[in-house]
Amino acid sequence: MNRPTTLLAAAEFLAWWAALALLWLVLISAVDTLELAVGAGVAGVAALAAVAARRAVTGR
């Protein structure tokens, strides 16, 4: 991977992570430190799966 491709992949991951973390915050009832930590972790795993799924479909 060259530098522009790496930056695009990182930006895609961060966009997915931000959207999914925001969705998590909207759906929970109580926002505390543990919920934020769990939400950030789960959003990271889901963002990684979303990026991998998109790459599997598009083939790049």
# chains A, B, ... in the order shown; residues from 1 in each chain; ligands from 1

$ residues_around --residues "A:Glu12" --least-positions-apart "6" --cutoff "10 Å" --atoms "only C-alpha atoms" --output "PyMOL selection string"
chain A and resi 6+18+47-48+50-51

$ write_last_selection --atoms "all heavy atoms" --output "short mmCIF file (atom, residue, chain, number, x, y, z; two decimals), in the first residue's frame"
data_model
loop_
_atom_site.label_atom_id
_atom_site.label_comp_id
_atom_site.auth_asym_id
_atom_site.auth_seq_id
_atom_site.Cartn_x
_atom_site.Cartn_y
_atom_site.Cartn_z
N THR A 6 -3.17 4.27 2.00
CA THR A 6 -3.21 4.08 3.44
C THR A 6 -4.03 5.18 4.10
O THR A 6 -4.84 4.90 5.00
CB THR A 6 -1.78 4.07 4.02
OG1 THR A 6 -1.04 3.05 3.37
CG2 THR A 6 -1.80 3.82 5.51
N ALA A 18 -16.72 6.75 13.61
CA ALA A 18 -17.44 7.91 14.13
C ALA A 18 -18.96 7.72 13.98
O ALA A 18 -19.72 8.02 14.91
CB ALA A 18 -16.98 9.17 13.42
N ALA A 47 -16.51 -1.14 12.63
CA ALA A 47 -15.91 -0.36 11.54
C ALA A 47 -14.92 -1.21 10.76
O ALA A 47 -14.87 -1.15 9.53
CB ALA A 47 -15.24 0.89 12.09
N LEU A 48 -14.13 -1.99 11.46
CA LEU A 48 -13.19 -2.88 10.79
C LEU A 48 -13.93 -3.90 9.92
O LEU A 48 -13.54 -4.17 8.79
CB LEU A 48 -12.33 -3.60 11.83
CG LEU A 48 -11.20 -4.47 11.31
CD1 LEU A 48 -10.19 -3.62 10.55
CD2 LEU A 48 -10.54 -5.20 12.46
N ALA A 50 -16.91 -3.47 8.60
CA ALA A 50 -17.52 -2.74 7.48
C ALA A 50 -16.51 -2.47 6.38
O ALA A 50 -16.80 -2.63 5.18
CB ALA A 50 -18.13 -1.44 7.97
N VAL A 51 -15.31 -2.06 6.76
CA VAL A 51 -14.26 -1.81 5.76
C VAL A 51 -13.88 -3.11 5.07
O VAL A 51 -13.73 -3.15 3.83
CB VAL A 51 -13.03 -1.16 6.44
CG1 VAL A 51 -11.85 -1.11 5.48
CG2 VAL A 51 -13.37 0.23 6.94
#

$ residues_around --residues "A:Val26" --least-positions-apart "6" --cutoff "12 Å" --atoms "only C-alpha atoms" --output "PDB file with C-alpha atoms, in the first residue's frame"
ATOM      1  CA  ALA A  19     -20.828   7.048  12.605  1.00  0.00           C
ATOM      2  CA  LEU A  20     -21.164   3.828  14.584  1.00  0.00           C
ATOM      3  CA  GLU A  35     -20.579   2.812  28.252  1.00  0.00           C
ATOM      4  CA  LEU A  36     -18.258   5.143  26.318  1.00  0.00           C
ATOM      5  CA  GLY A  39     -19.178   1.814  22.616  1.00  0.00           C
TER       6      GLY A  39
END

$ atom_distance --atom1 "atom CA of A:Ala56" --atom2 "atom CA of A:Phe13"
14.8 Å

$ atom_distance --atom1 "atom CA of A:Ala52" --atom2 "atom CA of A:Leu25"
23.7 Å
